[in-house]
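Peer 1: Provided below: coords32.cif, containing mmCIF, C-alpha atoms.
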```
data_run
loop_
_atom_site.label_atom_id
_atom_site.label_comp_id
_atom_site.auth_asym_id
_atom_site.auth_seq_id
_atom_site.Cartn_x
_atom_site.Cartn_y
_atom_site.Cartn_z
CA MET E 98 26.76 57.56 -31.58
CA TRP E 99 28.85 55.39 -29.36
CA SER E 100 29.07 58.07 -26.79
CA GLN E 101 25.35 58.09 -26.20
CA ARG E 102 24.83 54.77 -24.54
CA GLN E 103 21.41 54.05 -23.26
CA GLN E 104 21.47 53.06 -19.71
CA GLN E 105 19.40 50.02 -18.90
CA PRO E 106 18.39 49.20 -15.36
CA GLN E 107 20.74 46.65 -13.94
CA GLN E 108 19.17 43.39 -12.93
CA GLN E 109 20.13 42.03 -9.58
CA LYS E 110 21.88 38.72 -9.83
CA PRO E 111 21.07 36.16 -7.17
CA ASN E 112 23.73 35.85 -4.55
CA PHE E 113 24.09 32.10 -4.13
CA SER E 114 26.64 32.44 -1.39
CA THR E 115 24.02 33.92 0.91
CA ALA E 116 21.05 31.97 -0.43
CA SER E 117 19.25 29.77 2.01
CA SER E 118 21.02 26.48 2.41
CA SER E 119 17.63 24.77 2.18
CA LEU E 120 17.81 25.19 -1.58
CA PHE E 121 20.45 22.51 -1.74
CA SER E 122 19.81 20.43 1.34
CA HIS E 123 16.77 18.47 0.27
CA THR E 124 18.01 15.05 1.17
CA LYS E 125 15.59 12.25 1.59
CA SER E 126 15.63 10.47 4.90
CA VAL E 127 16.18 6.78 4.32
CA GLN E 128 14.66 4.39 6.80
CA ALA E 129 15.51 0.75 7.09
CA LYS E 130 12.94 -1.51 5.52
CA LYS E 131 10.70 -3.28 7.97
CA TYR E 132 9.98 -6.24 5.69
CA THR E 133 12.10 -8.44 3.45
CA MET E 134 10.74 -10.57 0.63
CA VAL E 135 11.70 -14.24 0.55
CA GLU E 136 11.54 -16.63 -2.35
CA LEU E 137 8.88 -19.26 -1.76
CA ASP E 138 8.62 -22.61 -3.46
CA ASP E 139 5.20 -23.46 -4.89
CA SER E 140 4.16 -25.68 -2.00
CA LYS E 141 5.08 -23.16 0.69
CA TYR E 142 3.41 -20.31 -1.25
CA HIS E 143 0.15 -22.25 -1.60
CA ASN E 144 0.24 -23.19 2.08
CA LEU E 145 0.89 -19.64 3.33
CA SER E 146 -1.45 -17.89 0.91
CA SER E 147 -4.26 -20.38 1.60
CA GLN E 148 -3.84 -19.89 5.35
CA ALA E 149 -4.02 -16.11 4.90
CA MET E 150 -7.06 -16.27 2.62
CA ASP E 151 -8.87 -18.74 4.90
CA SER E 152 -8.18 -16.54 7.95
CA LEU E 153 -9.44 -13.44 6.13
CA THR E 154 -12.55 -15.24 4.89
CA GLU E 155 -13.41 -16.53 8.37
CA TYR E 156 -12.77 -13.11 9.94
CA PHE E 157 -14.92 -11.23 7.42
CA GLU E 158 -17.72 -13.83 7.66
CA ASP E 159 -17.77 -13.42 11.47
CA LEU E 160 -17.62 -9.64 11.12
CA GLY E 161 -20.60 -9.71 8.76
CA ASP E 162 -22.58 -11.70 11.35
CA GLN E 163 -21.84 -9.03 13.98
CA LEU E 164 -22.63 -6.01 11.81
CA GLU E 165 -26.11 -4.91 10.94
CA MET E 166 -25.39 -4.01 7.32
CA ASP E 167 -27.83 -5.05 4.62
CA ASP E 168 -25.32 -4.63 1.82
CA TYR E 169 -22.39 -6.44 3.47
CA ASP E 170 -21.39 -9.56 1.58
CA ILE E 171 -18.38 -11.83 1.41
CA GLU E 172 -17.57 -14.50 -1.14
CA TYR E 173 -14.49 -16.71 -1.48
CA THR E 174 -14.14 -18.76 -4.64
CA SER E 175 -11.09 -20.15 -6.46
CA GLY E 176 -8.58 -18.07 -4.53
CA VAL E 177 -10.53 -14.81 -4.88
CA LEU E 178 -12.10 -13.15 -1.84
CA THR E 179 -14.66 -10.45 -2.61
CA LEU E 180 -15.78 -8.26 0.27
CA ARG E 181 -18.68 -5.90 -0.47
CA LEU E 182 -19.19 -3.08 2.01
CA GLY E 183 -22.11 -1.32 0.33
CA VAL E 184 -21.47 2.42 -0.03
CA HIS E 185 -17.92 1.91 1.24
CA GLY E 186 -16.97 -0.08 -1.85
CA THR E 187 -15.72 -3.54 -2.70
CA TYR E 188 -12.43 -5.17 -1.78
CA VAL E 189 -11.00 -7.95 -3.90
CA ILE E 190 -8.16 -9.99 -2.41
CA ASN E 191 -6.73 -12.81 -4.47
CA LYS E 192 -3.92 -15.30 -4.65
CA GLN E 193 -1.52 -14.70 -7.53
CA PRO E 194 0.38 -18.02 -7.87
CA PRO E 195 2.58 -17.10 -10.88
CA ASN E 196 4.10 -14.22 -8.89
CA LYS E 197 3.74 -15.93 -5.48
CA GLN E 198 1.90 -12.86 -4.21
CA ILE E 199 -1.44 -11.82 -2.81
CA TRP E 200 -3.08 -8.97 -4.68
CA LEU E 201 -5.49 -6.45 -3.22
CA SER E 202 -7.89 -4.12 -4.96
CA SER E 203 -9.12 -1.57 -2.43
CA PRO E 204 -11.84 1.04 -2.98
CA ILE E 205 -9.75 3.39 -0.81
CA SER E 206 -6.08 2.81 -1.61
CA GLY E 207 -6.38 1.13 -5.00
CA PRO E 208 -4.50 -1.94 -6.26
CA GLU E 209 -1.42 -3.32 -4.59
CA ARG E 210 0.71 -6.48 -4.55
CA TYR E 211 1.93 -8.23 -1.42
CA ASP E 212 4.97 -10.46 -1.03
CA TYR E 213 5.74 -12.70 1.92
CA ASP E 214 8.22 -11.91 4.72
CA GLU E 215 9.11 -15.06 6.62
CA THR E 216 10.79 -13.29 9.54
CA ASN E 217 7.69 -11.21 10.33
CA ASN E 218 5.21 -13.81 9.08
CA ALA E 219 3.56 -11.07 7.03
CA TRP E 220 2.29 -10.32 3.55
CA PHE E 221 3.69 -6.87 2.77
CA CYS E 222 3.78 -4.26 0.02
CA ARG E 223 7.36 -3.61 -1.16
CA HIS E 224 6.49 -0.09 -2.35
CA LYS E 225 4.96 1.06 0.90
CA ASP E 226 6.72 -1.31 3.34
CA GLU E 227 3.33 -1.93 4.93
CA SER E 228 1.63 -5.21 5.72
CA LEU E 229 -1.64 -6.32 4.21
CA GLY E 230 -3.07 -6.80 7.70
CA ALA E 231 -2.14 -3.26 8.78
CA LEU E 232 -3.70 -1.73 5.67
CA LEU E 233 -6.92 -3.75 5.99
CA ASN E 234 -7.20 -2.93 9.71
CA GLN E 235 -6.86 0.77 9.00
CA GLU E 236 -9.23 0.93 6.03
CA ILE E 237 -11.93 -1.39 7.40
CA SER E 238 -11.84 0.40 10.77
CA GLU E 239 -12.33 3.78 9.11
CA ALA E 240 -14.94 2.63 6.62
CA LEU E 241 -17.13 0.79 9.12
CA ALA E 242 -16.36 2.94 12.20
CA ILE E 243 -15.20 -0.12 14.15
CA LYS E 244 -11.91 -1.43 15.54
CA ALA E 245 -10.96 -4.07 12.97
CA ALA E 246 -8.57 -6.84 14.00
CA VAL E 247 -7.73 -8.70 10.81
CA PRO E 248 -5.99 -11.97 11.81
CA ILE E 249 -3.00 -11.67 9.49
CA ASN E 250 0.10 -9.50 9.54
#
```
Spell out the structure here as structure tokens.

Peer 2:
Amino acid sequence: MWSQRQQQPQQQKPNFSTASSSLFSHTKSVQAKKYTMVELDDSKYHNLSSQAMDSLTEYFEDLGDQLEMDDYDIEYTSGVLTLRLGVHGTYVINKQPPNKQIWLSSPISGPERYDYDETNNAWFCRHKDESLGALLNQEISEALAIKAAVPIN
């Protein structure tokens, strides 16, 4: 019985010594952050966030006057700016005093929170290291087929 061994096909074992080095070399490139969050006291936060919201409101009101869009509408009430772009969706940008942030709800990129960077004078997203102004310029430009120039960083 023992003398009649059944031969099974031998499976090839992977040879890791000759395997592509790319299997183990997936290292993530780390870039230096462009923005740095600073702690703001209440007064400074309200000053900076109000300036940003007022600048955005004025810009979008002027833009609405230049565009020939029936369903374009902007409203700013109690720290909440609502920008309706008809078929392109609605943006909501609001002050968030408890967190000392500005929050954005975009029909394109979704919700995001923005902290303040004093060095760059910019409201920026910590997760994406991108400024609120840069994101709005990109999305509004694409949605309305214009060259947007939002007046904040």

Peer 1: With distances taken over all atoms listed in the file, which of E:Tyr213, E:Leu164, E:Asp151, E:Val135 is nearest to Ala242 (chain E)?

Peer 2: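 Closest residue, counting all atoms listed in the file: E:Leu164.
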
Peer 1: So, with only C-alpha atoms as the atoms that count, which of E:Cys222, E:Ser228, E:Glu236, E:Asp212 lies closest to Leu145 (chain E)?

Peer 2: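 Checking each of E:Cys222, E:Ser228, E:Glu236, E:Asp212 against Leu145 (chain E), counting only C-alpha atoms, the winner is E:Asp212.
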
Peer 1: Report the residues retrieved by the PyMOL selection byres ((chain E and resi 153) around 12) from the displayed file, expressed as a ChimeraX atom specification.

Peer 2: /E:146-152,154-160,171-173,176-180,188-191,229-230,233-234,245-250

Peer 1: Rounded to one decimal place, report the CA of Gln235 (chain E)-CA of Thr133 (chain E) distance in Å.

Peer 2: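 If I compute the distance from CA of Gln235 (chain E) to CA of Thr133 (chain E), I get 21.8 Å.
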
Peer 1: Which of these residues is nearest to Ala219 (chain E), using only C-alpha atoms: E:Gln193, E:Ser175, E:Gln198, E:Thr187?

Peer 2: E:Gln198
